[in-house]
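Peer 1: Attaching a single structure in structure tokens format; questions to follow.
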Amino acid sequence: MKMGYNGPMSSLKIFLLGPPRLERDGRLLKMDTRKAIAMLAYLALTGERQTRDRLAAFLWPEYDDRRGKAALRRTLPTLKTAVGGNSLDITREAIGLREDQLWCDVIQFQHYVAIREWEPAVALYRDDFLAGFSLRDSMPFDDWQVTEAEVLRREMSIALE
């Protein structure tokens, strides 16, 4: 269980149960690229820094290594502008989220399920994981998204029982 994600005091809130939605300091954020949203969702749920190689191959599998990394470099400013630089942990080798700067509904939902707090868990589950969201050109991401959605649906079934 990935703990360390802050509650309501966090400046960045990531809502992934249902259509993706981002808020910073209570204001709705617009992110104009699906790849940036996908990267944010993946980083939030893995709870780990990911290498640039891994992210490029995951989100741009049709590109060779050089082109994938270039696409990643072009997407990072969009992500950084949307979520704020203090929410990201970016180095030459890896990219991650600063857990002390964010709150994620999926992480909170899983926490509630783990401690058998059924009512707040059910209240957080607005819809399936990333409902209505997909990347047409990234089978690895789509496969991950389907798997995560299935796991979360099972956890929701447990909470409803």
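Here, A, B, ... name the chains of the structure tokens in the order displayed, residue numbers run from 1 inside each chain, and ligands are numbered from 1 in the same displayed order.
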Using DSSP secondary structure from the backbone, list all helix (DSSP H, G or I) positions within region 27-131 of chain A, as a short mmCIF file (atom, residue, chain, number, x, y, z; two decimals) with all heavy atoms, in the first residue's frame.

Peer 2:
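The new file states23.cif reads:
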data_model
loop_
_atom_site.label_atom_id
_atom_site.label_comp_id
_atom_site.auth_asym_id
_atom_site.auth_seq_id
_atom_site.Cartn_x
_atom_site.Cartn_y
_atom_site.Cartn_z
N ARG A 34 -3.11 14.39 -23.72
CA ARG A 34 -3.52 13.12 -23.11
C ARG A 34 -2.30 12.38 -22.55
O ARG A 34 -2.40 11.69 -21.55
CB ARG A 34 -4.27 12.27 -24.13
CG ARG A 34 -5.57 12.93 -24.57
CD ARG A 34 -6.31 12.14 -25.62
NE ARG A 34 -7.04 11.02 -25.09
CZ ARG A 34 -8.15 11.11 -24.37
NH1 ARG A 34 -8.66 12.29 -24.10
NH2 ARG A 34 -8.77 10.03 -23.94
N LYS A 35 -1.16 12.54 -23.19
CA LYS A 35 0.05 11.86 -22.71
C LYS A 35 0.46 12.40 -21.34
O LYS A 35 0.89 11.63 -20.48
CB LYS A 35 1.21 12.03 -23.70
CG LYS A 35 0.97 11.42 -25.05
CD LYS A 35 1.04 9.91 -25.03
CE LYS A 35 0.84 9.39 -26.45
NZ LYS A 35 1.46 8.16 -26.73
N ALA A 36 0.31 13.70 -21.11
CA ALA A 36 0.64 14.27 -19.81
C ALA A 36 -0.31 13.72 -18.74
O ALA A 36 0.12 13.39 -17.63
CB ALA A 36 0.58 15.79 -19.86
N ILE A 37 -1.59 13.60 -19.06
CA ILE A 37 -2.56 13.03 -18.13
C ILE A 37 -2.21 11.57 -17.84
O ILE A 37 -2.22 11.14 -16.69
CB ILE A 37 -3.99 13.16 -18.68
CG1 ILE A 37 -4.39 14.63 -18.74
CG2 ILE A 37 -4.98 12.35 -17.84
CD1 ILE A 37 -5.65 14.90 -19.54
N ALA A 38 -1.89 10.83 -18.89
CA ALA A 38 -1.52 9.42 -18.72
C ALA A 38 -0.28 9.28 -17.85
O ALA A 38 -0.22 8.42 -16.97
CB ALA A 38 -1.29 8.78 -20.10
N MET A 39 0.72 10.12 -18.09
CA MET A 39 1.95 10.06 -17.30
C MET A 39 1.66 10.38 -15.84
O MET A 39 2.14 9.68 -14.94
CB MET A 39 2.99 11.05 -17.84
CG MET A 39 4.33 10.90 -17.16
SD MET A 39 5.62 12.10 -17.67
CE MET A 39 5.22 12.49 -19.34
N LEU A 40 0.84 11.39 -15.59
CA LEU A 40 0.49 11.76 -14.23
C LEU A 40 -0.23 10.61 -13.53
O LEU A 40 0.08 10.27 -12.38
CB LEU A 40 -0.38 13.01 -14.23
CG LEU A 40 -0.76 13.57 -12.88
CD1 LEU A 40 0.47 14.00 -12.10
CD2 LEU A 40 -1.71 14.75 -13.06
N ALA A 41 -1.19 9.99 -14.20
CA ALA A 41 -1.92 8.86 -13.62
C ALA A 41 -0.97 7.71 -13.29
O ALA A 41 -1.03 7.13 -12.19
CB ALA A 41 -3.01 8.38 -14.58
N TYR A 42 -0.08 7.39 -14.21
CA TYR A 42 0.86 6.29 -14.00
C TYR A 42 1.81 6.58 -12.84
O TYR A 42 2.02 5.73 -11.98
CB TYR A 42 1.63 6.03 -15.29
CG TYR A 42 2.52 4.83 -15.22
CD1 TYR A 42 1.98 3.54 -15.16
CD2 TYR A 42 3.90 4.96 -15.21
CE1 TYR A 42 2.80 2.43 -15.09
CE2 TYR A 42 4.73 3.85 -15.14
CZ TYR A 42 4.17 2.59 -15.08
OH TYR A 42 4.99 1.48 -15.00
N LEU A 43 2.34 7.78 -12.79
CA LEU A 43 3.25 8.14 -11.70
C LEU A 43 2.53 8.13 -10.36
O LEU A 43 3.08 7.68 -9.35
CB LEU A 43 3.88 9.51 -11.96
CG LEU A 43 4.87 9.60 -13.12
CD1 LEU A 43 5.25 11.04 -13.38
CD2 LEU A 43 6.09 8.73 -12.89
N ALA A 44 1.30 8.61 -10.34
CA ALA A 44 0.54 8.65 -9.08
C ALA A 44 0.27 7.25 -8.57
O ALA A 44 0.43 6.97 -7.38
CB ALA A 44 -0.77 9.41 -9.28
N LEU A 45 -0.13 6.34 -9.45
CA LEU A 45 -0.52 5.01 -8.99
C LEU A 45 0.67 4.10 -8.72
O LEU A 45 0.58 3.25 -7.83
CB LEU A 45 -1.48 4.34 -9.98
CG LEU A 45 -2.93 4.49 -9.52
CD1 LEU A 45 -3.35 5.91 -9.41
CD2 LEU A 45 -3.83 3.69 -10.37
N THR A 46 1.76 4.26 -9.44
CA THR A 46 2.93 3.43 -9.14
C THR A 46 3.59 3.89 -7.86
O THR A 46 4.20 3.09 -7.16
CB THR A 46 3.96 3.42 -10.28
OG1 THR A 46 4.45 4.75 -10.48
CG2 THR A 46 3.38 2.85 -11.56
N ARG A 52 13.24 7.72 -17.36
CA ARG A 52 12.79 8.34 -18.61
C ARG A 52 12.66 7.28 -19.71
O ARG A 52 11.74 7.35 -20.52
CB ARG A 52 13.76 9.44 -19.03
CG ARG A 52 13.65 10.67 -18.14
CD ARG A 52 14.69 11.71 -18.51
NE ARG A 52 14.58 12.88 -17.67
CZ ARG A 52 14.12 14.06 -18.08
NH1 ARG A 52 13.74 14.22 -19.32
NH2 ARG A 52 14.05 15.08 -17.25
N ASP A 53 13.57 6.30 -19.71
CA ASP A 53 13.49 5.22 -20.70
C ASP A 53 12.16 4.48 -20.57
O ASP A 53 11.50 4.20 -21.56
CB ASP A 53 14.64 4.22 -20.51
CG ASP A 53 15.99 4.77 -20.91
OD1 ASP A 53 16.04 5.76 -21.67
OD2 ASP A 53 17.00 4.22 -20.44
N ARG A 54 11.80 4.15 -19.34
CA ARG A 54 10.56 3.41 -19.08
C ARG A 54 9.34 4.21 -19.52
O ARG A 54 8.45 3.69 -20.18
CB ARG A 54 10.48 3.05 -17.59
CG ARG A 54 9.13 2.58 -17.12
CD ARG A 54 8.91 1.12 -17.48
NE ARG A 54 7.63 0.69 -16.94
CZ ARG A 54 6.64 0.21 -17.70
NH1 ARG A 54 6.79 0.07 -18.99
NH2 ARG A 54 5.51 -0.15 -17.15
N LEU A 55 9.29 5.48 -19.15
CA LEU A 55 8.14 6.32 -19.51
C LEU A 55 8.03 6.50 -21.02
O LEU A 55 6.94 6.46 -21.58
CB LEU A 55 8.22 7.68 -18.81
CG LEU A 55 7.93 7.66 -17.31
CD1 LEU A 55 8.26 9.01 -16.70
CD2 LEU A 55 6.49 7.26 -17.04
N ALA A 56 9.17 6.72 -21.68
CA ALA A 56 9.14 6.90 -23.14
C ALA A 56 8.64 5.63 -23.83
O ALA A 56 7.79 5.70 -24.73
CB ALA A 56 10.53 7.28 -23.65
N ALA A 57 9.12 4.48 -23.40
CA ALA A 57 8.68 3.22 -24.01
C ALA A 57 7.22 2.91 -23.69
O ALA A 57 6.49 2.35 -24.51
CB ALA A 57 9.58 2.07 -23.54
N PHE A 58 6.78 3.29 -22.50
CA PHE A 58 5.42 3.04 -22.05
C PHE A 58 4.39 3.90 -22.78
O PHE A 58 3.33 3.43 -23.17
CB PHE A 58 5.36 3.29 -20.54
CG PHE A 58 4.07 2.94 -19.88
CD1 PHE A 58 3.64 1.62 -19.80
CD2 PHE A 58 3.29 3.92 -19.28
CE1 PHE A 58 2.45 1.30 -19.16
CE2 PHE A 58 2.11 3.60 -18.64
CZ PHE A 58 1.68 2.29 -18.59
N LEU A 59 4.72 5.18 -22.96
CA LEU A 59 3.75 6.12 -23.55
C LEU A 59 3.92 6.32 -25.05
O LEU A 59 2.96 6.70 -25.73
CB LEU A 59 3.85 7.48 -22.84
CG LEU A 59 3.47 7.45 -21.36
CD1 LEU A 59 3.83 8.77 -20.69
CD2 LEU A 59 2.00 7.14 -21.19
N ASP A 65 13.99 4.79 -29.30
CA ASP A 65 14.40 5.37 -28.02
C ASP A 65 14.60 6.88 -28.10
O ASP A 65 14.09 7.63 -27.26
CB ASP A 65 15.69 4.68 -27.54
CG ASP A 65 16.11 5.15 -26.16
OD1 ASP A 65 15.31 5.01 -25.22
OD2 ASP A 65 17.24 5.67 -26.05
N ARG A 66 15.29 7.35 -29.12
CA ARG A 66 15.60 8.78 -29.27
C ARG A 66 14.32 9.59 -29.46
O ARG A 66 14.12 10.61 -28.79
CB ARG A 66 16.56 8.98 -30.44
CG ARG A 66 17.02 10.42 -30.61
CD ARG A 66 17.91 10.58 -31.84
NE ARG A 66 17.27 10.18 -33.08
CZ ARG A 66 16.33 10.90 -33.73
NH1 ARG A 66 15.94 12.05 -33.25
NH2 ARG A 66 15.81 10.46 -34.86
N ARG A 67 13.44 9.16 -30.33
CA ARG A 67 12.19 9.89 -30.58
C ARG A 67 11.25 9.82 -29.38
O ARG A 67 10.55 10.78 -29.08
CB ARG A 67 11.51 9.34 -31.84
CG ARG A 67 12.23 9.75 -33.11
CD ARG A 67 11.54 9.25 -34.36
NE ARG A 67 10.17 9.75 -34.45
CZ ARG A 67 9.15 9.05 -34.97
NH1 ARG A 67 9.34 7.82 -35.42
NH2 ARG A 67 7.95 9.56 -35.02
N GLY A 68 11.24 8.69 -28.69
CA GLY A 68 10.40 8.56 -27.50
C GLY A 68 10.83 9.52 -26.40
O GLY A 68 10.00 10.18 -25.77
N LYS A 69 12.13 9.59 -26.19
CA LYS A 69 12.64 10.52 -25.17
C LYS A 69 12.40 11.98 -25.57
O LYS A 69 12.13 12.83 -24.71
CB LYS A 69 14.12 10.27 -24.91
CG LYS A 69 14.38 9.02 -24.11
CD LYS A 69 15.85 8.85 -23.86
CE LYS A 69 16.13 7.58 -23.10
NZ LYS A 69 17.56 7.32 -22.99
N ALA A 70 12.49 12.27 -26.87
CA ALA A 70 12.21 13.64 -27.33
C ALA A 70 10.73 13.98 -27.08
O ALA A 70 10.41 15.09 -26.64
CB ALA A 70 12.55 13.78 -28.82
N ALA A 71 9.84 13.04 -27.34
CA ALA A 71 8.41 13.26 -27.08
C ALA A 71 8.16 13.47 -25.58
O ALA A 71 7.37 14.33 -25.19
CB ALA A 71 7.59 12.09 -27.61
N LEU A 72 8.85 12.70 -24.77
CA LEU A 72 8.74 12.86 -23.32
C LEU A 72 9.21 14.25 -22.89
O LEU A 72 8.54 14.94 -22.11
CB LEU A 72 9.56 11.78 -22.61
CG LEU A 72 9.62 11.84 -21.09
CD1 LEU A 72 8.23 11.64 -20.48
CD2 LEU A 72 10.58 10.79 -20.56
N ARG A 73 10.33 14.70 -23.44
CA ARG A 73 10.85 16.04 -23.11
C ARG A 73 9.86 17.13 -23.52
O ARG A 73 9.71 18.12 -22.82
CB ARG A 73 12.20 16.29 -23.80
CG ARG A 73 13.37 15.68 -23.08
CD ARG A 73 14.70 16.20 -23.63
NE ARG A 73 14.86 15.98 -25.05
CZ ARG A 73 15.28 14.83 -25.61
NH1 ARG A 73 15.58 13.80 -24.84
NH2 ARG A 73 15.41 14.73 -26.91
N ARG A 74 9.17 16.94 -24.64
CA ARG A 74 8.18 17.93 -25.09
C ARG A 74 6.93 17.92 -24.20
O ARG A 74 6.25 18.93 -24.08
CB ARG A 74 7.79 17.67 -26.54
CG ARG A 74 8.84 18.07 -27.54
CD ARG A 74 8.33 18.02 -28.96
NE ARG A 74 7.82 16.71 -29.35
CZ ARG A 74 8.56 15.71 -29.85
NH1 ARG A 74 9.86 15.88 -30.00
NH2 ARG A 74 8.02 14.57 -30.19
N THR A 75 6.62 16.78 -23.59
CA THR A 75 5.42 16.66 -22.76
C THR A 75 5.66 17.18 -21.34
O THR A 75 4.73 17.68 -20.69
CB THR A 75 4.96 15.19 -22.72
OG1 THR A 75 4.73 14.77 -24.06
CG2 THR A 75 3.70 15.00 -21.90
N LEU A 76 6.87 17.09 -20.85
CA LEU A 76 7.16 17.49 -19.47
C LEU A 76 6.80 18.94 -19.15
O LEU A 76 6.24 19.20 -18.08
CB LEU A 76 8.61 17.21 -19.12
CG LEU A 76 8.92 15.76 -18.79
CD1 LEU A 76 10.42 15.56 -18.58
CD2 LEU A 76 8.15 15.30 -17.57
N PRO A 77 7.07 19.91 -20.02
CA PRO A 77 6.69 21.28 -19.68
C PRO A 77 5.16 21.43 -19.50
O PRO A 77 4.71 22.19 -18.63
CB PRO A 77 7.18 22.11 -20.87
CG PRO A 77 8.29 21.31 -21.45
CD PRO A 77 7.90 19.87 -21.23
N THR A 78 4.37 20.72 -20.29
CA THR A 78 2.92 20.76 -20.15
C THR A 78 2.52 20.23 -18.77
O THR A 78 1.70 20.83 -18.07
CB THR A 78 2.25 19.90 -21.24
OG1 THR A 78 2.60 20.43 -22.51
CG2 THR A 78 0.74 19.89 -21.08
N LEU A 79 3.12 19.11 -18.39
CA LEU A 79 2.83 18.52 -17.09
C LEU A 79 3.28 19.46 -15.96
O LEU A 79 2.53 19.71 -15.01
CB LEU A 79 3.54 17.16 -16.97
CG LEU A 79 3.30 16.37 -15.70
CD1 LEU A 79 1.84 16.03 -15.53
CD2 LEU A 79 4.14 15.10 -15.72
N LYS A 80 4.47 19.99 -16.09
CA LYS A 80 5.02 20.87 -15.05
C LYS A 80 4.18 22.14 -14.89
O LYS A 80 3.90 22.58 -13.78
CB LYS A 80 6.46 21.23 -15.41
CG LYS A 80 7.25 21.83 -14.29
CD LYS A 80 8.71 21.96 -14.69
CE LYS A 80 9.54 22.43 -13.52
NZ LYS A 80 10.94 22.52 -13.86
N THR A 81 3.74 22.72 -15.99
CA THR A 81 2.91 23.92 -15.94
C THR A 81 1.57 23.62 -15.27
O THR A 81 1.09 24.38 -14.43
CB THR A 81 2.67 24.47 -17.36
OG1 THR A 81 3.93 24.84 -17.92
CG2 THR A 81 1.76 25.68 -17.33
N ALA A 82 0.98 22.48 -15.60
CA ALA A 82 -0.34 22.14 -15.07
C ALA A 82 -0.30 21.84 -13.58
O ALA A 82 -1.12 22.34 -12.82
CB ALA A 82 -0.93 20.96 -15.83
N VAL A 83 0.64 21.01 -13.15
CA VAL A 83 0.63 20.55 -11.75
C VAL A 83 1.51 21.39 -10.83
O VAL A 83 1.40 21.27 -9.62
CB VAL A 83 1.01 19.06 -11.63
CG1 VAL A 83 0.09 18.20 -12.46
CG2 VAL A 83 2.46 18.81 -11.98
N GLY A 85 5.65 22.98 -10.53
CA GLY A 85 6.98 22.38 -10.44
C GLY A 85 7.27 21.72 -9.11
O GLY A 85 8.01 20.74 -9.05
N ASN A 86 6.66 22.22 -8.02
CA ASN A 86 6.97 21.65 -6.71
C ASN A 86 6.31 20.29 -6.50
O ASN A 86 6.62 19.59 -5.55
CB ASN A 86 6.57 22.61 -5.59
CG ASN A 86 5.10 22.89 -5.55
OD1 ASN A 86 4.39 22.70 -6.54
ND2 ASN A 86 4.61 23.35 -4.42
N SER A 87 5.41 19.88 -7.39
CA SER A 87 4.76 18.57 -7.28
C SER A 87 5.55 17.48 -7.98
O SER A 87 5.26 16.30 -7.80
CB SER A 87 3.35 18.62 -7.86
OG SER A 87 2.55 19.50 -7.11
N GLU A 99 5.11 12.95 -3.17
CA GLU A 99 3.91 12.47 -2.49
C GLU A 99 3.40 13.43 -1.43
O GLU A 99 2.21 13.47 -1.16
CB GLU A 99 4.16 11.10 -1.89
CG GLU A 99 4.38 10.04 -2.93
CD GLU A 99 4.62 8.66 -2.36
OE1 GLU A 99 4.70 8.53 -1.12
OE2 GLU A 99 4.72 7.72 -3.14
N ASP A 100 4.30 14.22 -0.85
CA ASP A 100 3.85 15.16 0.18
C ASP A 100 3.11 16.36 -0.42
O ASP A 100 2.56 17.18 0.30
CB ASP A 100 5.03 15.64 1.03
CG ASP A 100 6.07 16.40 0.22
OD1 ASP A 100 6.17 16.20 -1.01
OD2 ASP A 100 6.79 17.22 0.82
N GLN A 101 3.10 16.45 -1.75
CA GLN A 101 2.46 17.57 -2.43
C GLN A 101 1.13 17.21 -3.08
O GLN A 101 0.54 18.03 -3.76
CB GLN A 101 3.40 18.12 -3.52
CG GLN A 101 4.68 18.67 -2.99
CD GLN A 101 4.48 19.93 -2.20
OE1 GLN A 101 3.72 20.80 -2.59
NE2 GLN A 101 5.13 20.03 -1.06
N ASP A 105 -7.40 10.28 -5.48
CA ASP A 105 -8.60 9.56 -5.05
C ASP A 105 -8.41 8.05 -5.08
O ASP A 105 -8.92 7.35 -4.20
CB ASP A 105 -9.83 9.99 -5.86
CG ASP A 105 -9.75 9.70 -7.35
OD1 ASP A 105 -8.66 9.35 -7.85
OD2 ASP A 105 -10.79 9.85 -8.02
N VAL A 106 -7.67 7.53 -6.04
CA VAL A 106 -7.45 6.07 -6.11
C VAL A 106 -6.66 5.60 -4.89
O VAL A 106 -7.02 4.59 -4.27
CB VAL A 106 -6.73 5.66 -7.42
CG1 VAL A 106 -6.33 4.20 -7.38
CG2 VAL A 106 -7.61 5.96 -8.62
N ILE A 107 -5.61 6.32 -4.55
CA ILE A 107 -4.79 5.94 -3.39
C ILE A 107 -5.64 6.01 -2.12
O ILE A 107 -5.59 5.11 -1.27
CB ILE A 107 -3.55 6.86 -3.27
CG1 ILE A 107 -2.71 6.83 -4.55
CG2 ILE A 107 -2.73 6.48 -2.04
CD1 ILE A 107 -2.18 5.48 -4.96
N GLN A 108 -6.43 7.06 -1.99
CA GLN A 108 -7.28 7.20 -0.81
C GLN A 108 -8.34 6.10 -0.78
O GLN A 108 -8.62 5.51 0.27
CB GLN A 108 -7.96 8.58 -0.80
CG GLN A 108 -8.65 8.87 0.51
CD GLN A 108 -7.67 8.99 1.67
OE1 GLN A 108 -6.69 9.70 1.60
NE2 GLN A 108 -7.93 8.27 2.75
N PHE A 109 -8.93 5.77 -1.92
CA PHE A 109 -9.91 4.69 -2.02
C PHE A 109 -9.29 3.37 -1.56
O PHE A 109 -9.87 2.65 -0.74
CB PHE A 109 -10.41 4.57 -3.47
CG PHE A 109 -11.21 3.34 -3.74
CD1 PHE A 109 -12.54 3.26 -3.37
CD2 PHE A 109 -10.63 2.25 -4.38
CE1 PHE A 109 -13.29 2.11 -3.62
CE2 PHE A 109 -11.36 1.11 -4.64
CZ PHE A 109 -12.69 1.03 -4.25
N GLN A 110 -8.10 3.07 -2.07
CA GLN A 110 -7.43 1.81 -1.70
C GLN A 110 -7.08 1.80 -0.21
O GLN A 110 -7.14 0.75 0.43
CB GLN A 110 -6.20 1.59 -2.57
CG GLN A 110 -6.57 1.28 -4.00
CD GLN A 110 -5.38 1.10 -4.91
OE1 GLN A 110 -4.39 1.83 -4.81
NE2 GLN A 110 -5.46 0.13 -5.80
N HIS A 111 -6.73 2.93 0.34
CA HIS A 111 -6.46 3.02 1.77
C HIS A 111 -7.72 2.70 2.56
O HIS A 111 -7.68 1.91 3.51
CB HIS A 111 -5.93 4.42 2.12
CG HIS A 111 -5.82 4.67 3.58
ND1 HIS A 111 -4.85 4.08 4.37
CD2 HIS A 111 -6.57 5.42 4.41
CE1 HIS A 111 -5.01 4.47 5.62
NE2 HIS A 111 -6.06 5.28 5.67
N TYR A 112 -8.83 3.30 2.19
CA TYR A 112 -10.09 3.03 2.89
C TYR A 112 -10.48 1.56 2.79
O TYR A 112 -10.94 0.97 3.77
CB TYR A 112 -11.22 3.90 2.33
CG TYR A 112 -11.19 5.34 2.77
CD1 TYR A 112 -11.54 6.35 1.89
CD2 TYR A 112 -10.83 5.71 4.07
CE1 TYR A 112 -11.54 7.68 2.27
CE2 TYR A 112 -10.81 7.04 4.46
CZ TYR A 112 -11.17 8.01 3.56
OH TYR A 112 -11.16 9.33 3.94
N VAL A 113 -10.31 0.96 1.62
CA VAL A 113 -10.63 -0.47 1.46
C VAL A 113 -9.73 -1.30 2.37
O VAL A 113 -10.19 -2.22 3.05
CB VAL A 113 -10.52 -0.91 -0.02
CG1 VAL A 113 -10.58 -2.43 -0.15
CG2 VAL A 113 -11.63 -0.26 -0.85
N ALA A 114 -8.44 -0.97 2.40
CA ALA A 114 -7.48 -1.73 3.21
C ALA A 114 -7.83 -1.69 4.70
O ALA A 114 -7.63 -2.69 5.41
CB ALA A 114 -6.06 -1.22 2.99
N TRP A 118 -15.68 1.28 4.59
CA TRP A 118 -16.44 1.05 3.36
C TRP A 118 -17.15 2.30 2.86
O TRP A 118 -17.13 2.56 1.65
CB TRP A 118 -17.44 -0.09 3.57
CG TRP A 118 -16.81 -1.33 4.13
CD1 TRP A 118 -17.16 -1.98 5.28
CD2 TRP A 118 -15.71 -2.08 3.59
NE1 TRP A 118 -16.35 -3.07 5.49
CE2 TRP A 118 -15.45 -3.17 4.46
CE3 TRP A 118 -14.90 -1.95 2.47
CZ2 TRP A 118 -14.45 -4.11 4.25
CZ3 TRP A 118 -13.90 -2.88 2.24
CH2 TRP A 118 -13.68 -3.94 3.12
N GLU A 119 -17.82 3.03 3.72
CA GLU A 119 -18.61 4.18 3.26
C GLU A 119 -17.76 5.25 2.57
O GLU A 119 -18.10 5.70 1.48
CB GLU A 119 -19.43 4.77 4.40
CG GLU A 119 -20.62 3.90 4.75
CD GLU A 119 -21.50 4.53 5.82
OE1 GLU A 119 -21.67 5.76 5.80
OE2 GLU A 119 -22.02 3.76 6.64
N PRO A 120 -16.65 5.68 3.18
CA PRO A 120 -15.85 6.68 2.46
C PRO A 120 -15.23 6.11 1.18
O PRO A 120 -15.06 6.85 0.20
CB PRO A 120 -14.77 7.10 3.46
CG PRO A 120 -14.86 6.18 4.61
CD PRO A 120 -16.15 5.45 4.53
N ALA A 121 -14.93 4.81 1.16
CA ALA A 121 -14.39 4.19 -0.06
C ALA A 121 -15.42 4.28 -1.18
O ALA A 121 -15.11 4.71 -2.29
CB ALA A 121 -13.99 2.74 0.20
N VAL A 122 -16.65 3.88 -0.87
CA VAL A 122 -17.71 3.89 -1.88
C VAL A 122 -17.98 5.33 -2.35
O VAL A 122 -18.20 5.57 -3.53
CB VAL A 122 -19.00 3.23 -1.33
CG1 VAL A 122 -20.18 3.45 -2.26
CG2 VAL A 122 -18.75 1.73 -1.11
N ALA A 123 -17.93 6.29 -1.43
CA ALA A 123 -18.19 7.69 -1.79
C ALA A 123 -17.14 8.22 -2.78
O ALA A 123 -17.47 9.06 -3.62
CB ALA A 123 -18.22 8.55 -0.53
N LEU A 124 -15.91 7.75 -2.70
CA LEU A 124 -14.86 8.21 -3.61
C LEU A 124 -14.98 7.63 -5.01
O LEU A 124 -14.50 8.23 -5.97
CB LEU A 124 -13.47 7.84 -3.06
CG LEU A 124 -12.89 8.75 -2.01
CD1 LEU A 124 -11.59 8.18 -1.47
CD2 LEU A 124 -12.64 10.14 -2.58
#

Peer 1: Measuring atom to atom with only C-alpha atoms, identify which of A:Trp60, A:Phe141, A:Phe133, A:Tyr125 is nearest to Cys104 (chain A).

Peer 2: A:Tyr125

Peer 1: Would you work out the distance separating CA of Lys30 (chain A) from CA of Gly47 (chain A), expressed in Å to one decimal?

Peer 2: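 These two atoms are separated by 22.5 Å.
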
Peer 1: Counting only C-alpha atoms, which of A:Leu130, A:Leu102, A:Ala94, A:Met156 gets nearest to Arg24 (chain A)?

Peer 2: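 Among A:Leu130, A:Leu102, A:Ala94, A:Met156, it is A:Leu102 that comes nearest to Arg24 (chain A).
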
Peer 1: If you run DSSP on this backbone, which residues of region 7-66 of chain A come out as strand (DSSP E or B), and could you give them as a list in words?

Peer 2: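 Written out, the strand (DSSP E or B) residues of region 7-66 of chain A are Leu12, Lys13, Ile14, Phe15, Leu17, Gly18, Arg21, Leu22, Glu23, Arg24, Arg27, Leu28, Leu29, Gln50 and Thr51 of chain A.
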
Peer 1: Produce a file of the selected residues containing N, CA and C atoms, as a compact mmCIF listing (two decimals), in the first residue's frame.

Peer 2:
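Writing done, so here's out32.txt:
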# COMPACT_ATOMS: atom_id res chain seq x y z
N LEU A 12 -2.12 19.67 -4.73
CA LEU A 12 -2.51 19.03 -5.98
C LEU A 12 -3.41 17.84 -5.67
N LYS A 13 -4.57 17.82 -6.30
CA LYS A 13 -5.50 16.70 -6.16
C LYS A 13 -5.69 16.06 -7.52
N ILE A 14 -5.54 14.74 -7.56
CA ILE A 14 -5.67 13.98 -8.79
C ILE A 14 -6.87 13.05 -8.64
N PHE A 15 -7.86 13.23 -9.49
CA PHE A 15 -9.06 12.40 -9.49
C PHE A 15 -9.00 11.50 -10.71
N LEU A 17 -10.78 8.26 -10.57
CA LEU A 17 -11.98 7.43 -10.55
C LEU A 17 -13.05 8.21 -11.29
N GLY A 18 -13.31 7.81 -12.53
CA GLY A 18 -14.14 8.58 -13.44
C GLY A 18 -13.24 9.27 -14.44
N ARG A 21 -9.47 14.25 -13.62
CA ARG A 21 -9.65 15.65 -13.24
C ARG A 21 -8.52 16.03 -12.30
N LEU A 22 -8.01 17.23 -12.47
CA LEU A 22 -6.92 17.73 -11.63
C LEU A 22 -7.32 19.05 -11.01
N GLU A 23 -6.94 19.21 -9.75
CA GLU A 23 -7.18 20.48 -9.05
C GLU A 23 -5.90 20.86 -8.32
N ARG A 24 -5.60 22.14 -8.36
CA ARG A 24 -4.49 22.67 -7.56
C ARG A 24 -5.03 23.83 -6.75
N ARG A 27 -8.57 24.85 -7.47
CA ARG A 27 -8.93 25.29 -8.83
C ARG A 27 -8.75 24.14 -9.82
N LEU A 28 -9.72 23.99 -10.72
CA LEU A 28 -9.66 22.97 -11.75
C LEU A 28 -8.53 23.30 -12.72
N LEU A 29 -7.71 22.29 -13.04
CA LEU A 29 -6.59 22.48 -13.97
C LEU A 29 -6.94 21.89 -15.32
N GLN A 50 9.96 6.90 -12.05
CA GLN A 50 10.11 6.05 -13.23
C GLN A 50 11.24 6.61 -14.09
N THR A 51 12.02 5.72 -14.67
CA THR A 51 13.09 6.19 -15.53
C THR A 51 12.49 6.81 -16.79

Peer 1: Would you compute the distance between CA of Trp103 (chain A) and CA of Pro19 (chain A)? Give it in Å to one decimal.

Peer 2: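 So the answer is 16.4 Å.
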